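Undergrad: Supplied structure: my_file-v4.txt, compact mmCIF, C-alpha atoms and all ligand atoms.
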# COMPACT_ATOMS: atom_id res chain seq x y z
CA MET A 170 -3.14 11.91 -33.88
CA TYR A 171 -1.69 8.41 -34.01
CA GLU A 172 -2.93 6.40 -36.97
CA ASP A 173 -2.14 3.04 -35.41
CA LEU A 174 -4.63 3.73 -32.61
CA GLN A 175 -7.58 3.78 -34.98
CA GLY A 176 -9.93 0.87 -34.22
CA LYS A 177 -8.02 -0.16 -31.09
CA VAL A 178 -10.03 -1.05 -27.99
CA ALA A 179 -9.45 0.59 -24.60
CA VAL A 180 -10.90 0.43 -21.13
CA VAL A 181 -10.62 3.71 -19.20
CA THR A 182 -11.49 3.50 -15.50
CA GLY A 183 -12.95 6.51 -13.73
CA ALA A 184 -13.81 7.94 -17.13
CA SER A 185 -16.90 9.99 -16.28
CA SER A 186 -14.93 13.03 -15.13
CA GLY A 187 -11.52 14.66 -14.76
CA LEU A 188 -8.45 13.04 -16.29
CA GLY A 189 -10.31 9.83 -17.18
CA LYS A 190 -12.90 11.77 -19.13
CA ALA A 191 -10.24 13.73 -21.05
CA ILE A 192 -8.37 10.53 -21.87
CA ALA A 193 -11.53 8.70 -22.98
CA VAL A 194 -12.49 11.61 -25.24
CA ARG A 195 -8.96 11.78 -26.66
CA PHE A 196 -9.11 8.05 -27.40
CA GLY A 197 -12.39 8.80 -29.20
CA GLN A 198 -10.62 11.45 -31.28
CA GLU A 199 -8.08 8.76 -32.14
CA LYS A 200 -11.10 6.76 -33.43
CA MET A 201 -10.71 4.09 -30.80
CA ASN A 202 -13.45 2.01 -29.16
CA VAL A 203 -13.69 2.83 -25.48
CA ILE A 204 -15.30 1.23 -22.43
CA VAL A 205 -16.12 4.26 -20.28
CA ASN A 206 -16.08 3.01 -16.72
CA TYR A 207 -17.86 5.01 -14.02
CA LEU A 208 -18.68 4.45 -10.37
CA ASN A 209 -21.82 6.41 -9.61
CA ASN A 210 -22.65 8.95 -12.29
CA PRO A 211 -24.25 7.29 -15.33
CA ASP A 212 -25.35 10.61 -16.84
CA GLU A 213 -21.81 12.00 -16.91
CA ALA A 214 -20.57 8.70 -18.35
CA GLU A 215 -23.19 8.84 -21.11
CA GLU A 216 -22.03 12.37 -21.99
CA VAL A 217 -18.52 11.00 -22.43
CA VAL A 218 -19.88 8.18 -24.62
CA THR A 219 -21.66 10.75 -26.78
CA ALA A 220 -18.52 12.89 -27.07
CA ILE A 221 -16.49 9.85 -28.15
CA LYS A 222 -19.08 8.92 -30.79
CA HIS A 223 -19.14 12.49 -32.10
CA ALA A 224 -15.36 12.42 -32.37
CA GLY A 225 -15.51 9.33 -34.59
CA GLY A 226 -14.87 6.55 -32.09
CA ASP A 227 -17.28 4.15 -30.45
CA ALA A 228 -17.99 3.72 -26.75
CA ALA A 229 -20.12 2.13 -24.07
CA ALA A 230 -20.53 3.15 -20.43
CA VAL A 231 -20.02 0.40 -17.85
CA GLN A 232 -20.53 0.80 -14.12
CA GLY A 233 -17.94 -0.73 -11.81
CA ASP A 234 -15.92 -0.23 -8.65
CA VAL A 235 -12.24 -0.77 -9.49
CA SER A 236 -11.52 -2.03 -5.99
CA LYS A 237 -13.84 -5.01 -6.61
CA GLU A 238 -12.38 -7.95 -8.49
CA ALA A 239 -15.65 -8.99 -10.16
CA ASP A 240 -16.31 -5.45 -11.36
CA VAL A 241 -12.86 -5.17 -12.96
CA ALA A 242 -13.33 -8.56 -14.62
CA GLY A 243 -16.64 -7.17 -15.92
CA LEU A 244 -14.86 -4.25 -17.60
CA ILE A 245 -12.55 -6.57 -19.52
CA GLU A 246 -15.51 -8.77 -20.48
CA ALA A 247 -17.38 -5.69 -21.66
CA ALA A 248 -14.48 -4.74 -23.95
CA HIS A 249 -14.44 -8.29 -25.34
CA ASP A 250 -18.21 -8.60 -25.77
CA ARG A 251 -18.77 -5.15 -27.18
CA PHE A 252 -15.62 -4.56 -29.24
CA GLY A 253 -14.04 -8.01 -29.59
CA THR A 254 -10.70 -7.42 -27.89
CA LEU A 255 -8.64 -5.28 -25.49
CA ASP A 256 -5.53 -3.37 -26.57
CA VAL A 257 -5.15 -0.60 -24.00
CA MET A 258 -5.97 -0.74 -20.29
CA MET A 259 -5.99 2.74 -18.77
CA ASN A 260 -6.17 2.44 -14.98
CA ASN A 261 -7.13 5.99 -14.13
CA ALA A 262 -9.67 5.82 -11.27
CA GLY A 263 -8.38 7.37 -8.07
CA ILE A 264 -9.47 9.19 -4.95
CA GLN A 265 -7.83 11.47 -2.37
CA LYS A 266 -8.85 13.09 0.89
CA GLU A 267 -6.86 15.40 3.13
CA ILE A 268 -6.44 13.97 6.65
CA GLU A 269 -3.57 14.53 9.09
CA SER A 270 -1.76 11.23 9.37
CA HIS A 271 -1.98 10.91 13.16
CA THR A 272 -5.78 11.17 12.95
CA MET A 273 -6.18 8.89 9.93
CA SER A 274 -8.18 5.75 10.62
CA LEU A 275 -7.30 2.40 9.10
CA ALA A 276 -10.58 2.63 7.17
CA ASP A 277 -9.58 6.04 5.68
CA TYR A 278 -6.19 4.62 4.72
CA GLU A 279 -7.51 1.38 3.27
CA LYS A 280 -10.19 3.13 1.23
CA VAL A 281 -7.60 5.09 -0.77
CA ILE A 282 -5.23 2.15 -1.05
CA SER A 283 -8.01 -0.14 -2.26
CA VAL A 284 -9.15 2.17 -5.06
CA ASN A 285 -5.82 3.66 -6.14
CA LEU A 286 -3.38 0.80 -5.62
CA SER A 287 -5.43 -2.40 -5.47
CA GLY A 288 -7.67 -1.08 -8.27
CA THR A 289 -4.59 -0.53 -10.42
CA PHE A 290 -3.34 -4.00 -9.53
CA LEU A 291 -6.66 -5.56 -10.53
CA GLY A 292 -6.96 -3.61 -13.77
CA SER A 293 -3.36 -4.29 -14.78
CA THR A 294 -3.25 -7.99 -13.98
CA LYS A 295 -6.65 -8.83 -15.44
CA ALA A 296 -5.86 -6.91 -18.62
CA ILE A 297 -2.50 -8.67 -18.91
CA ALA A 298 -4.14 -12.07 -18.36
CA TYR A 299 -6.59 -11.28 -21.18
CA MET A 300 -3.78 -10.08 -23.48
CA LEU A 301 -1.72 -13.22 -22.82
CA GLU A 302 -4.71 -15.49 -23.42
CA HIS A 303 -5.48 -13.82 -26.73
CA GLY A 304 -1.90 -13.20 -27.88
CA ILE A 305 -2.30 -9.43 -27.85
CA LYS A 306 0.75 -7.19 -27.65
CA GLY A 307 -1.15 -4.50 -25.76
CA CYS A 308 -0.33 -1.93 -23.18
CA VAL A 309 -1.29 -0.93 -19.68
CA ILE A 310 -1.15 2.71 -18.58
CA ASN A 311 -1.50 3.56 -14.90
CA MET A 312 -2.40 6.95 -13.45
CA SER A 313 0.29 7.78 -10.95
CA SER A 314 1.23 11.28 -9.77
CA VAL A 315 4.18 13.47 -8.94
CA HIS A 316 3.48 11.97 -5.51
CA GLU A 317 5.00 8.68 -6.57
CA VAL A 318 8.23 10.55 -5.69
CA ILE A 319 7.21 13.71 -3.75
CA PRO A 320 6.16 13.07 -0.13
CA TRP A 321 2.76 14.67 0.65
CA PRO A 322 1.82 15.44 4.26
CA HIS A 323 -1.89 14.90 5.10
CA PHE A 324 -2.10 12.52 2.15
CA VAL A 325 -0.02 9.59 3.40
CA HIS A 326 -2.56 7.09 2.03
CA TYR A 327 -2.51 8.76 -1.39
CA ALA A 328 1.28 9.17 -1.60
CA SER A 329 1.73 5.56 -0.46
CA SER A 330 -0.69 4.40 -3.16
CA LYS A 331 1.19 6.31 -5.86
CA GLY A 332 4.61 5.14 -4.63
CA GLY A 333 3.14 1.64 -4.76
CA ILE A 334 1.91 2.17 -8.32
CA LYS A 335 5.45 3.13 -9.34
CA MET A 336 6.81 -0.24 -8.21
CA LEU A 337 3.75 -2.15 -9.41
CA THR A 338 4.25 -0.72 -12.89
CA GLN A 339 7.98 -1.38 -12.99
CA THR A 340 7.53 -4.95 -11.78
CA LEU A 341 4.79 -5.78 -14.28
CA ALA A 342 6.74 -4.08 -17.08
CA LEU A 343 9.71 -6.32 -16.36
CA GLU A 344 7.60 -9.43 -15.95
CA TYR A 345 5.75 -9.09 -19.27
CA ALA A 346 8.16 -7.17 -21.52
CA ALA A 347 9.17 -10.33 -23.37
CA LYS A 348 5.50 -10.96 -24.19
CA GLY A 349 5.30 -7.59 -25.92
CA ILE A 350 3.09 -6.02 -23.26
CA ARG A 351 4.19 -2.53 -22.20
CA VAL A 352 3.30 -1.07 -18.79
CA ASN A 353 3.84 2.63 -18.05
CA ASN A 354 2.72 5.38 -15.70
CA ILE A 355 1.57 8.92 -16.23
CA GLY A 356 2.63 11.23 -13.38
CA PRO A 357 0.52 14.41 -13.38
CA GLY A 358 1.17 17.40 -11.16
CA ALA A 359 -1.52 19.99 -10.42
CA ILE A 360 -4.19 19.76 -13.12
CA ASN A 361 -7.54 21.56 -13.53
CA THR A 362 -9.88 18.71 -12.58
CA PRO A 363 -12.83 18.31 -10.20
CA ILE A 364 -10.50 16.76 -7.57
CA ASN A 365 -8.72 20.15 -7.35
CA ALA A 366 -11.71 22.44 -7.98
CA GLU A 367 -12.23 23.51 -4.38
CA LYS A 368 -8.51 24.21 -3.86
CA PHE A 369 -8.16 26.26 -7.05
CA ALA A 370 -11.36 28.24 -6.30
CA ASP A 371 -9.50 29.66 -3.28
CA GLU A 372 -7.13 32.26 -4.79
CA GLU A 373 -4.61 32.03 -1.95
CA ALA A 374 -4.44 28.24 -2.15
CA LYS A 375 -4.11 28.42 -5.93
CA GLN A 376 -1.22 30.90 -5.70
CA GLU A 377 0.49 28.61 -3.22
CA VAL A 378 0.24 25.71 -5.67
CA LEU A 379 1.46 27.92 -8.54
CA SER A 380 4.52 28.86 -6.49
CA MET A 381 5.43 25.16 -6.55
CA ILE A 382 5.27 24.91 -10.35
CA PRO A 383 8.30 26.23 -12.26
CA MET A 384 6.18 26.78 -15.40
CA LYS A 385 3.72 28.87 -13.32
CA GLU A 386 0.66 27.26 -14.84
CA ILE A 387 -1.91 24.75 -13.73
CA GLY A 388 -2.08 21.90 -16.24
CA GLU A 389 -5.09 21.02 -18.34
CA PRO A 390 -6.62 17.52 -18.55
CA GLU A 391 -6.01 17.46 -22.32
CA GLN A 392 -2.27 17.81 -21.68
CA VAL A 393 -2.43 14.60 -19.66
CA ALA A 394 -4.65 12.91 -22.25
CA SER A 395 -2.10 13.56 -25.00
CA ILE A 396 0.48 11.62 -22.98
CA ALA A 397 -1.96 8.71 -22.64
CA ALA A 398 -2.44 8.67 -26.43
CA PHE A 399 1.32 8.76 -26.98
CA LEU A 400 1.99 5.94 -24.51
CA ALA A 401 -0.77 3.84 -26.10
CA SER A 402 0.59 4.38 -29.60
CA GLU A 403 3.33 2.64 -31.55
CA GLN A 404 5.34 5.85 -31.22
CA ALA A 405 5.99 4.65 -27.66
CA GLY A 406 6.60 1.09 -28.84
CA TYR A 407 10.00 0.88 -27.10
CA VAL A 408 8.85 2.55 -23.86
CA THR A 409 8.06 0.37 -20.86
CA GLY A 410 8.38 0.54 -17.08
CA THR A 411 8.64 4.30 -16.97
CA THR A 412 6.69 7.25 -15.62
CA LEU A 413 6.08 10.19 -17.91
CA PHE A 414 5.56 13.23 -15.69
CA VAL A 415 3.19 15.98 -16.83
CA ASP A 416 3.80 18.55 -14.14
CA GLY A 417 5.23 21.85 -15.42
CA GLY A 418 8.43 20.97 -13.58
CA MET A 419 6.85 20.42 -10.16
CA LYS A 420 9.32 17.68 -9.27
CA LEU A 421 12.37 19.83 -9.97
CA TYR A 422 12.78 21.11 -6.37
CA PRO A 423 11.26 24.54 -7.23
CA SER A 424 12.50 26.07 -3.96
CA PHE A 425 15.98 25.93 -5.51
CA ARG A 426 14.88 28.07 -8.49
CA ALA A 427 16.96 31.09 -7.50
CA GLY A 428 20.20 29.14 -7.48
CA LYS A 429 20.53 29.18 -3.69
CA GLY A 430 21.38 26.18 -1.61
C1 LIG A 501 -3.18 15.48 -6.84
C2 LIG A 501 -3.51 16.95 -6.89
C3 LIG A 501 -2.29 17.77 -6.54
C4 LIG A 501 -1.10 17.35 -7.37
C5 LIG A 501 0.17 18.10 -6.98
C6 LIG A 501 -1.97 15.20 -7.68
O1 LIG A 501 -1.64 13.85 -7.62
O2 LIG A 501 -4.28 14.74 -7.31
O3 LIG A 501 -4.56 17.25 -5.99
O4 LIG A 501 -2.58 19.15 -6.80
O5 LIG A 501 -0.88 15.98 -7.21
O6 LIG A 501 0.38 18.10 -5.60
Represent the structure of the file as structure tokens.
TA:
Amino acid sequence: MYEDLQGKVAVVTGASSGLGKAIAVRFGQEKMNVIVNYLNNPDEAEEVVTAIKHAGGDAAAVQGDVSKEADVAGLIEAAHDRFGTLDVMMNNAGIQKEIESHTMSLADYEKVISVNLSGTFLGSTKAIAYMLEHGIKGCVINMSSVHEVIPWPHFVHYASSKGGIKMLTQTLALEYAAKGIRVNNIGPGAINTPINAEKFADEEAKQEVLSMIPMKEIGEPEQVASIAAFLASEQAGYVTGTTLFVDGGMKLYPSFRAGKG
């Protein structure tokens, strides 16, 4: 637990399930006040709100599509109206869909880019504008992936969005460092979340993924959430413009593990 997080205000996008849910609940355990953004499942979002309140924090569920400017502005307003400020912007919402690149339509491509990359742009820049206006030395945390560096066939839209997030984060970190606003990425590998549920339910597919993870384990959402809490806290007060990977070593060229090459 990080004492300095107590009473801080966060927006977590895509917080009704998966990594966003785990992060929102962890922020609740840190006794933070959390805007739990969701797209289309109010019941799941309310469950997260309840979990946060039980953990000792406070929370409110707010609907919004992160690819829409007015909706993202609404999330920041909700943090201000409900909890009086905004200290931590966690841009987590993201989507992915397997499609071979030569059959991918522009609409398929743009859909992923608009949620993952443009949504992160909107969340980051609007949060920073709010922090500058109110003199807050806050932080922005963006959900990237190991695929900000690892190419991913059939997911060119997704990998492009995450590569884009890497540069978006570094650029904003540089631009606002002198204002005391930190901007960082989390880069998860294969984690037990709904986005991966179908893949991991298939034993063969799961084994294939495990063979790509040096630690031989699928990660848990709470292991990603603990990185979000760290990056939000003063313990990471000198950390900006970086990606903290949570991937069991997935990016370490596992095919070289036997010392061949
Ligand atoms: C994706 C997962 C995938 C992992 C490793 C993540 O960004 O969301 O579906 O298992 O990368 O490839």
Undergrad: Point out the residue among A:Gln392, A:Trp321, A:Ala346, A:Asp234 with the least atom-to-atom distance to A:Tyr407, counting only C-alpha atoms.
TA: A:Ala346
Undergrad: With only C-alpha atoms as the atoms that count, which of A:His316, A:Lys375, A:Lys200, A:Lys429 lies nearest to A:Asp416?
TA: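 Looking only at the distances to A:Asp416, the closest residue turns out to be A:His316.
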Undergrad: Can you work out which one of A:Ala229, A:Leu208, A:Ile382, A:Met336 has the shortest atom-to-atom distance to ligand LIG 501 (chain A), counting only C-alpha atoms and all ligand atoms?
TA: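 Checking each candidate against ligand LIG 501 (chain A), we get A:Ile382 as the closest.
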Undergrad: Can you measure atom CA of A:Val205 to atom CA of A:Val180 for me? One decimal in Å is fine.
TA: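 If I compute the distance from atom CA of A:Val205 to atom CA of A:Val180, I get 6.5 Å.
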Undergrad: For chain A against ligand LIG 501 (chain A), with a cut-off of 9 Å and counting all atoms listed in the file, what is the closest atom pair and its distance in Å to one decimal for every residue that makes the cut, ordered by chain and number, as a Markdown table?
TA:
| residue | atom | partner | partner_atom | distance |
| --- | --- | --- | --- | --- |
| A:Gly263 | CA | A:LIG501 | O2 | 8.5 |
| A:Ile264 | CA | A:LIG501 | O2 | 8.0 |
| A:Gln265 | CA | A:LIG501 | O2 | 6.9 |
| A:Ser313 | CA | A:LIG501 | O1 | 7.2 |
| A:Ser314 | CA | A:LIG501 | O1 | 4.4 |
| A:Val315 | CA | A:LIG501 | O5 | 5.9 |
| A:His316 | CA | A:LIG501 | O1 | 5.8 |
| A:Glu317 | CA | A:LIG501 | O1 | 8.5 |
| A:Ile319 | CA | A:LIG501 | O6 | 8.3 |
| A:Trp321 | CA | A:LIG501 | O6 | 7.5 |
| A:Tyr327 | CA | A:LIG501 | O1 | 8.1 |
| A:Ala328 | CA | A:LIG501 | O1 | 8.2 |
| A:Lys331 | CA | A:LIG501 | O1 | 8.2 |
| A:Gly356 | CA | A:LIG501 | O1 | 7.6 |
| A:Pro357 | CA | A:LIG501 | O1 | 6.2 |
| A:Gly358 | CA | A:LIG501 | C5 | 4.4 |
| A:Ala359 | CA | A:LIG501 | O4 | 3.9 |
| A:Ile360 | CA | A:LIG501 | O4 | 6.6 |
| A:Asn361 | CA | A:LIG501 | O4 | 8.7 |
| A:Thr362 | CA | A:LIG501 | O3 | 8.6 |
| A:Ile364 | CA | A:LIG501 | O3 | 6.2 |
| A:Asn365 | CA | A:LIG501 | O3 | 5.3 |
| A:Lys368 | CA | A:LIG501 | O3 | 8.3 |
| A:Val378 | CA | A:LIG501 | O4 | 7.2 |
| A:Met381 | CA | A:LIG501 | O6 | 8.7 |
| A:Ile387 | CA | A:LIG501 | O4 | 8.9 |
| A:Asp416 | CA | A:LIG501 | C5 | 8.0 |
| A:Met419 | CA | A:LIG501 | C5 | 7.8 |
Undergrad: Quick one: write out the picked residues with C-alpha atoms as a PDB file, in the frame of the given file?
TA:
ATOM      1  CA  GLY A 263      -8.380   7.370  -8.070  1.00  0.00           C
ATOM      2  CA  ILE A 264      -9.470   9.190  -4.950  1.00  0.00           C
ATOM      3  CA  GLN A 265      -7.830  11.470  -2.370  1.00  0.00           C
ATOM      4  CA  SER A 313       0.290   7.780 -10.950  1.00  0.00           C
ATOM      5  CA  SER A 314       1.230  11.280  -9.770  1.00  0.00           C
ATOM      6  CA  VAL A 315       4.180  13.470  -8.940  1.00  0.00           C
ATOM      7  CA  HIS A 316       3.480  11.970  -5.510  1.00  0.00           C
ATOM      8  CA  GLU A 317       5.000   8.680  -6.570  1.00  0.00           C
ATOM      9  CA  ILE A 319       7.210  13.710  -3.750  1.00  0.00           C
ATOM     10  CA  TRP A 321       2.760  14.670   0.650  1.00  0.00           C
ATOM     11  CA  TYR A 327      -2.510   8.760  -1.390  1.00  0.00           C
ATOM     12  CA  ALA A 328       1.280   9.170  -1.600  1.00  0.00           C
ATOM     13  CA  LYS A 331       1.190   6.310  -5.860  1.00  0.00           C
ATOM     14  CA  GLY A 356       2.630  11.230 -13.380  1.00  0.00           C
ATOM     15  CA  PRO A 357       0.520  14.410 -13.380  1.00  0.00           C
ATOM     16  CA  GLY A 358       1.170  17.400 -11.160  1.00  0.00           C
ATOM     17  CA  ALA A 359      -1.520  19.990 -10.420  1.00  0.00           C
ATOM     18  CA  ILE A 360      -4.190  19.760 -13.120  1.00  0.00           C
ATOM     19  CA  ASN A 361      -7.540  21.560 -13.530  1.00  0.00           C
ATOM     20  CA  THR A 362      -9.880  18.710 -12.580  1.00  0.00           C
ATOM     21  CA  ILE A 364     -10.500  16.760  -7.570  1.00  0.00           C
ATOM     22  CA  ASN A 365      -8.720  20.150  -7.350  1.00  0.00           C
ATOM     23  CA  LYS A 368      -8.510  24.210  -3.860  1.00  0.00           C
ATOM     24  CA  VAL A 378       0.240  25.710  -5.670  1.00  0.00           C
ATOM     25  CA  MET A 381       5.430  25.160  -6.550  1.00  0.00           C
ATOM     26  CA  ILE A 387      -1.910  24.750 -13.730  1.00  0.00           C
ATOM     27  CA  ASP A 416       3.800  18.550 -14.140  1.00  0.00           C
ATOM     28  CA  MET A 419       6.850  20.420 -10.160  1.00  0.00           C
TER      29      MET A 419
END
Undergrad: So how many Å separate atom CA of A:Thr412 and atom CA of A:Ser329, to one decimal?
TA: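 Atom-to-atom, atom CA of A:Thr412 to atom CA of A:Ser329, that is 16.0 Å.
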Undergrad: Which neighbours of A:Thr340 fall inside 12 Å, counting all atoms listed in the file, when residues of the same chain fewer than 4 positions from it are skipped, and could you give them as an mmCIF file with C-alpha atoms, in the coordinates of the input?
TA:
data_model
loop_
_atom_site.group_PDB
_atom_site.id
_atom_site.type_symbol
_atom_site.label_atom_id
_atom_site.label_comp_id
_atom_site.auth_asym_id
_atom_site.auth_seq_id
_atom_site.Cartn_x
_atom_site.Cartn_y
_atom_site.Cartn_z
ATOM 1 C CA PHE A 290 -3.340 -4.000 -9.530
ATOM 2 C CA SER A 293 -3.360 -4.290 -14.780
ATOM 3 C CA THR A 294 -3.250 -7.990 -13.980
ATOM 4 C CA GLY A 333 3.140 1.640 -4.760
ATOM 5 C CA ILE A 334 1.910 2.170 -8.320
ATOM 6 C CA LYS A 335 5.450 3.130 -9.340
ATOM 7 C CA MET A 336 6.810 -0.240 -8.210
ATOM 8 C CA GLU A 344 7.600 -9.430 -15.950
ATOM 9 C CA TYR A 345 5.750 -9.090 -19.270
ATOM 10 C CA ALA A 346 8.160 -7.170 -21.520
ATOM 11 C CA ARG A 351 4.190 -2.530 -22.200
ATOM 12 C CA VAL A 352 3.300 -1.070 -18.790
ATOM 13 C CA ASN A 353 3.840 2.630 -18.050
ATOM 14 C CA THR A 409 8.060 0.370 -20.860
ATOM 15 C CA GLY A 410 8.380 0.540 -17.080
ATOM 16 C CA THR A 411 8.640 4.300 -16.970
#
Undergrad: For A:Gln339, which residue among A:Ala262, A:Val309, A:Ala184, A:Val415 is the nearest when counting all atoms listed in the file?
TA: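 Closest to A:Gln339, using all atoms listed in the file: A:Val309.
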Undergrad: Would you mind reading off the distance between atom CA of A:Gly292 and atom CA of A:Asn260, one decimal, in Å?
TA: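 Value for the atom CA of A:Gly292-atom CA of A:Asn260 distance: 6.2 Å.
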Undergrad: Might you pull out every residue within 7 Å of stretch 240-251 of chain A, with all atoms listed in the file counted and same-chain residues fewer than 2 positions away left off, and present them as JSON, numbers by chain?
TA: {"A": [180, 204, 231, 233, 234, 235, 237, 238, 253, 254, 255, 291, 292, 295, 296]}
Undergrad: Excluding A:Asn210 and its own-chain neighbours fewer than 5 positions away, which residues fall within 10 Å of it when counting all atoms listed in the file? Please give them as a PyMOL selection string.
TA: chain A and resi 185-186+215+232
Undergrad: Name the residues in contact with A:Glu391 at a cut-off of 10 Å, using all atoms listed in the file, excluding same-chain residues fewer than 2 positions from it; report them as a VMD selection string.
TA: chain A and resid 187 to 188 190 to 192 194 to 195 360 to 361 388 to 389 393 to 397
Undergrad: So, with all atoms listed in the file as the atoms that count, which of A:Asn206, A:Gln175, A:Ser380, A:Thr289 lies closest to A:Leu341?
TA: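 The shortest atom-to-atom distance to A:Leu341 comes from A:Thr289.
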Undergrad: Rank A:Gly183, A:Leu413, A:Pro383, A:Cys308 by their smallest atom-to-atom distance to A:Ala427, using only C-alpha atoms, and report the top residue only.
TA: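 Using only C-alpha atoms, A:Ala427 sits closest to A:Pro383.
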Undergrad: The residues within 6 Å of (5.4, -8.1, -28.9), using all atoms listed in the file and the coordinates of the file, should be reported as a list in words; which are they?
TA: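 Here the neighbourhood of the point contains Lys306, Lys348 and Gly349 of chain A.
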